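Note sheet for the following structure.
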Amino acid sequence: MEFDLKLDAALEKRADSAQQERKRPRLLCIDDEPGNLNVLVSIFEADYDVMTATDGEAGLTLINEHDFSVIISDQRMPKMLGTQVLARAKEIQPHAVRIILTAYSDVGDIIESINSGGVYRYILKPWDRDDMRMTVRNAVEMSGLQRENKQLILDLQARNRELKKSKLTAETANAAKSQFLANVSH
């Protein structure tokens, strides 16, 4: 059937998309301290494609140009706070999981980052490397699941539209058949 072929094609497309996602996920690390960026790159470069930016504006430029699974930002940077960067990142790439780093444990900043930037995790400096690796691994998995879920919803909506069209066609054919049989029997 034509519907089966379309469903098979959709499943193949989703499998291709999932395979591409299984390639190296991309991380963005934003921090005005080059030493912190170097440490983050050294932690993650073996498993992920890591891009860096030294301020919020440069980070937003990269967010507009590339697709990221995870965005990690320092909170206190000149010109733009990490919460501001992540709030804008959420608008541009809602599927990217956002993590904020800070040396300060200001409760107001924590609440703002969670509310405005949809922050997945708030990590205090100095961070534990193993905890950071686990956090990012979980964030990458979450990002992948969010993307897959969105694709499944889109596929389901497309199948529902096709089913509605098929149902309408069948109802029209059934009505025509009923009319024909009514005309023939009289």
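Labeling convention for the structure tokens: chains A, B, ... as they appear, residues from 1 per chain, ligands from 1 in order of appearance.
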* Asked: So which residues of stretch 9-182 of chain A fall under strand (DSSP E or B) by DSSP, listed as a list of chain:residue names?
  ->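 So the strand (DSSP E or B) residues in stretch 9-182 of chain A would be A:Arg26, A:Leu27, A:Leu28, A:Cys29, A:Ile30, A:Asp49, A:Val50, A:Met51, A:Thr52, A:Ala53, A:Val70, A:Ile71, A:Ile72, A:Ser73, A:Asp74, A:Val97, A:Arg98, A:Ile99, A:Ile100, A:Leu101, A:Thr102, A:Val119, A:Tyr120, A:Arg121, A:Tyr122, A:Ile123, A:Leu124.
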* **Near-A:Leu40 list (10 Å; only C-alpha atoms; drop same-chain fewer than 6 positions) as an MDAnalysis selection string** => chainID A and resid 28:31 34 50 52 72 129 132:133
Write the residues you've just listed into a file as a compact mmCIF listing (two decimals), in the first residue's frame, and include N, CA, C and O atoms for each of them.
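What ended up in selection.txt:
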```txt
# COMPACT_ATOMS: atom_id res chain seq x y z
N LEU A 28 29.00 23.81 23.09
CA LEU A 28 29.51 25.18 23.08
C LEU A 28 29.84 25.56 24.51
O LEU A 28 28.99 25.44 25.40
N CYS A 29 31.08 26.00 24.73
CA CYS A 29 31.52 26.47 26.04
C CYS A 29 31.80 27.96 25.93
O CYS A 29 32.59 28.38 25.09
N ILE A 30 31.16 28.76 26.79
CA ILE A 30 31.32 30.21 26.77
C ILE A 30 31.87 30.64 28.12
O ILE A 30 31.24 30.41 29.16
N ASP A 31 33.04 31.27 28.11
CA ASP A 31 33.66 31.75 29.35
C ASP A 31 34.68 32.81 28.98
O ASP A 31 35.39 32.67 27.98
N PRO A 34 40.11 32.21 29.45
CA PRO A 34 40.64 31.19 28.54
C PRO A 34 41.09 29.91 29.25
O PRO A 34 40.96 28.82 28.68
N VAL A 50 33.80 20.29 20.29
CA VAL A 50 33.70 21.39 21.25
C VAL A 50 34.06 22.70 20.55
O VAL A 50 35.10 22.81 19.92
N THR A 52 34.23 27.02 21.32
CA THR A 52 34.33 27.93 22.45
C THR A 52 34.09 29.37 22.02
O THR A 52 34.29 29.72 20.86
N ILE A 72 27.23 25.43 27.47
CA ILE A 72 27.73 25.67 28.82
C ILE A 72 28.22 27.11 28.86
O ILE A 72 29.04 27.51 28.04
N ARG A 129 35.60 17.08 37.72
CA ARG A 129 35.66 16.62 36.33
C ARG A 129 34.68 15.48 36.06
O ARG A 129 34.00 15.47 35.03
N MET A 132 31.20 16.76 36.05
CA MET A 132 30.99 17.55 34.83
C MET A 132 30.77 16.62 33.63
O MET A 132 29.87 16.84 32.82
N ARG A 133 31.59 15.58 33.51
CA ARG A 133 31.43 14.62 32.40
C ARG A 133 30.05 13.96 32.45
O ARG A 133 29.38 13.84 31.42
```
Would you kindly return, as a PDB file with C-alpha atoms, in the first residue's frame, each protein, DNA or RNA residue with an atom no farther than 8 Å from any atom of A:Glu57, considering only C-alpha atoms and excluding same-chain residues fewer than 2 positions away?
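The result, written out as out-v1.pdb:
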```pdb
ATOM      1  CA  ASP A  55      31.959  36.290  25.563  1.00  0.00           C
ATOM      2  CA  GLY A  59      28.598  32.646  21.796  1.00  0.00           C
ATOM      3  CA  LEU A  60      25.305  33.860  20.335  1.00  0.00           C
ATOM      4  CA  THR A  61      26.948  34.225  16.930  1.00  0.00           C
ATOM      5  CA  MET A  80      26.450  39.939  29.076  1.00  0.00           C
ATOM      6  CA  VAL A  85      23.131  34.333  26.926  1.00  0.00           C
TER       7      VAL A  85
END
```
* Record the distance separating atom CA of A:Asn64 and atom CA of A:Lys90, expressed in Å with one decimal. => 11.4 Å
A:Lys79 surroundings by only C-alpha atoms, 12 Å radius, close-in-sequence under 4 positions cut, as a PDB file with all heavy atoms, in the first residue's frame:
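Written file, part_38.pdb:
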```
ATOM      1  N   ASP A  32      34.742  33.870  29.761  1.00  0.00           N
ATOM      2  CA  ASP A  32      35.706  34.940  29.478  1.00  0.00           C
ATOM      3  C   ASP A  32      37.105  34.604  29.981  1.00  0.00           C
ATOM      4  O   ASP A  32      38.037  35.343  29.729  1.00  0.00           O
ATOM      5  CB  ASP A  32      35.227  36.276  30.061  1.00  0.00           C
ATOM      6  CG  ASP A  32      35.071  36.234  31.570  1.00  0.00           C
ATOM      7  OD1 ASP A  32      34.590  35.207  32.101  1.00  0.00           O
ATOM      8  OD2 ASP A  32      35.415  37.224  32.220  1.00  0.00           O
ATOM      9  N   THR A  54      34.584  33.461  23.959  1.00  0.00           N
ATOM     10  CA  THR A  54      35.087  34.172  25.137  1.00  0.00           C
ATOM     11  C   THR A  54      34.132  35.235  25.664  1.00  0.00           C
ATOM     12  O   THR A  54      34.454  35.915  26.632  1.00  0.00           O
ATOM     13  CB  THR A  54      36.456  34.815  24.837  1.00  0.00           C
ATOM     14  OG1 THR A  54      36.316  35.670  23.705  1.00  0.00           O
ATOM     15  CG2 THR A  54      37.509  33.752  24.570  1.00  0.00           C
ATOM     16  N   ASP A  55      32.981  35.380  25.028  1.00  0.00           N
ATOM     17  CA  ASP A  55      31.959  36.290  25.563  1.00  0.00           C
ATOM     18  C   ASP A  55      30.591  35.895  25.019  1.00  0.00           C
ATOM     19  O   ASP A  55      30.486  35.080  24.099  1.00  0.00           O
ATOM     20  CB  ASP A  55      32.279  37.762  25.255  1.00  0.00           C
ATOM     21  CG  ASP A  55      32.333  38.086  23.779  1.00  0.00           C
ATOM     22  OD1 ASP A  55      31.347  37.814  23.062  1.00  0.00           O
ATOM     23  OD2 ASP A  55      33.364  38.626  23.335  1.00  0.00           O
ATOM     24  N   GLY A  56      29.556  36.475  25.590  1.00  0.00           N
ATOM     25  CA  GLY A  56      28.192  36.131  25.223  1.00  0.00           C
ATOM     26  C   GLY A  56      27.852  36.424  23.780  1.00  0.00           C
ATOM     27  O   GLY A  56      27.181  35.635  23.112  1.00  0.00           O
ATOM     28  N   GLU A  57      28.315  37.559  23.270  1.00  0.00           N
ATOM     29  CA  GLU A  57      28.005  37.922  21.883  1.00  0.00           C
ATOM     30  C   GLU A  57      28.611  36.918  20.909  1.00  0.00           C
ATOM     31  O   GLU A  57      27.955  36.491  19.954  1.00  0.00           O
ATOM     32  CB  GLU A  57      28.490  39.337  21.587  1.00  0.00           C
ATOM     33  CG  GLU A  57      27.691  40.397  22.308  1.00  0.00           C
ATOM     34  CD  GLU A  57      28.256  41.805  22.117  1.00  0.00           C
ATOM     35  OE1 GLU A  57      29.198  41.987  21.322  1.00  0.00           O
ATOM     36  OE2 GLU A  57      27.736  42.715  22.774  1.00  0.00           O
ATOM     37  N   ALA A  58      29.862  36.549  21.133  1.00  0.00           N
ATOM     38  CA  ALA A  58      30.510  35.552  20.268  1.00  0.00           C
ATOM     39  C   ALA A  58      29.784  34.211  20.389  1.00  0.00           C
ATOM     40  O   ALA A  58      29.623  33.491  19.396  1.00  0.00           O
ATOM     41  CB  ALA A  58      31.981  35.402  20.640  1.00  0.00           C
ATOM     42  N   GLN A  75      28.555  32.382  34.248  1.00  0.00           N
ATOM     43  CA  GLN A  75      27.549  33.378  34.611  1.00  0.00           C
ATOM     44  C   GLN A  75      28.090  34.801  34.538  1.00  0.00           C
ATOM     45  O   GLN A  75      27.505  35.659  33.917  1.00  0.00           O
ATOM     46  CB  GLN A  75      26.999  33.098  36.018  1.00  0.00           C
ATOM     47  CG  GLN A  75      26.149  34.193  36.621  1.00  0.00           C
ATOM     48  CD  GLN A  75      24.894  34.539  35.831  1.00  0.00           C
ATOM     49  OE1 GLN A  75      24.554  33.924  34.829  1.00  0.00           O
ATOM     50  NE2 GLN A  75      24.206  35.576  36.269  1.00  0.00           N
ATOM     51  N   THR A  83      23.187  34.093  32.233  1.00  0.00           N
ATOM     52  CA  THR A  83      21.734  33.902  32.208  1.00  0.00           C
ATOM     53  C   THR A  83      21.117  34.571  30.983  1.00  0.00           C
ATOM     54  O   THR A  83      20.178  34.047  30.394  1.00  0.00           O
ATOM     55  CB  THR A  83      21.082  34.463  33.487  1.00  0.00           C
ATOM     56  OG1 THR A  83      21.530  35.794  33.700  1.00  0.00           O
ATOM     57  CG2 THR A  83      21.414  33.603  34.689  1.00  0.00           C
ATOM     58  N   GLN A  84      21.659  35.730  30.595  1.00  0.00           N
ATOM     59  CA  GLN A  84      21.152  36.424  29.411  1.00  0.00           C
ATOM     60  C   GLN A  84      21.488  35.644  28.142  1.00  0.00           C
ATOM     61  O   GLN A  84      20.661  35.519  27.238  1.00  0.00           O
ATOM     62  CB  GLN A  84      21.737  37.834  29.336  1.00  0.00           C
ATOM     63  CG  GLN A  84      21.286  38.730  30.477  1.00  0.00           C
ATOM     64  CD  GLN A  84      22.084  40.018  30.553  1.00  0.00           C
ATOM     65  OE1 GLN A  84      23.299  40.012  30.378  1.00  0.00           O
ATOM     66  NE2 GLN A  84      21.396  41.115  30.825  1.00  0.00           N
ATOM     67  N   VAL A  85      22.716  35.129  28.084  1.00  0.00           N
ATOM     68  CA  VAL A  85      23.131  34.333  26.926  1.00  0.00           C
ATOM     69  C   VAL A  85      22.230  33.104  26.794  1.00  0.00           C
ATOM     70  O   VAL A  85      21.722  32.800  25.702  1.00  0.00           O
ATOM     71  CB  VAL A  85      24.608  33.886  27.057  1.00  0.00           C
ATOM     72  CG1 VAL A  85      24.984  32.936  25.927  1.00  0.00           C
ATOM     73  CG2 VAL A  85      25.535  35.078  27.089  1.00  0.00           C
TER      74      VAL A  85
END
```
* Neighbour list for A:Leu101 as a ChimeraX atom specification, cut-off 12 Å, only C-alpha atoms, skip fewer than 5 positions in-chain -> /A:29-33,36-37,40,71-77,81-83,86,106,109-110,113,119-128,132
Output the selection as a compact mmCIF listing (two decimals), in the first residue's frame - C-alpha atoms for each residue.
```txt
# COMPACT_ATOMS: atom_id res chain seq x y z
CA CYS A 29 31.52 26.47 26.04
CA ILE A 30 31.32 30.21 26.77
CA ASP A 31 33.66 31.75 29.35
CA ASP A 32 35.71 34.94 29.48
CA GLU A 33 38.56 33.06 31.15
CA ASN A 36 38.49 27.59 31.98
CA LEU A 37 37.80 27.09 28.28
CA LEU A 40 36.54 22.31 29.40
CA ILE A 71 25.59 24.99 25.76
CA ILE A 72 27.73 25.67 28.82
CA SER A 73 28.14 29.29 29.90
CA ASP A 74 29.92 31.09 32.69
CA GLN A 75 27.55 33.38 34.61
CA ARG A 76 29.74 36.41 35.29
CA MET A 77 31.20 37.78 32.06
CA LEU A 81 25.64 37.59 31.94
CA GLY A 82 25.43 33.86 31.31
CA THR A 83 21.73 33.90 32.21
CA LEU A 86 21.24 31.17 27.84
CA ASP A 106 23.85 33.80 44.45
CA ASP A 109 21.15 34.21 39.87
CA ILE A 110 20.25 30.55 40.24
CA SER A 113 18.95 31.14 35.21
CA VAL A 119 18.90 25.90 32.71
CA TYR A 120 19.32 22.15 33.14
CA ARG A 121 22.06 22.42 35.74
CA TYR A 122 23.81 25.16 37.73
CA ILE A 123 27.41 24.13 38.51
CA LEU A 124 29.63 25.88 41.03
CA LYS A 125 33.33 26.42 40.34
CA PRO A 126 35.59 24.68 40.93
CA TRP A 127 33.77 21.72 39.42
CA ASP A 128 34.52 18.04 39.71
CA MET A 132 30.99 17.55 34.83
```
* Would you mind telling me which residue in A:Ser69, A:Thr102, A:Thr172, A:Ser178 lies nearest to A:Arg24 when using only C-alpha atoms? =>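 Of all the options, A:Ser69 lies closest to A:Arg24.
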* Asked: Expressed in Å to a single decimal, how great is the separation between atom CA of A:Gly144 and atom CA of A:Leu163?
  ->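 Distance reported for this atom pair: 28.3 Å.
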* To do: Rounded to one decimal place, report the atom CA of A:Ala46-atom CA of A:Arg137 distance in Å.
  =>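 The value is 12.5 Å.
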* Check the DSSP output for the backbone and give back, as a PyMOL selection string, the residues of stretch 19-184 of chain A in alpha helix (DSSP H). => chain A and resi 19-22+34-44+56-65+82-92+107-117+129-184
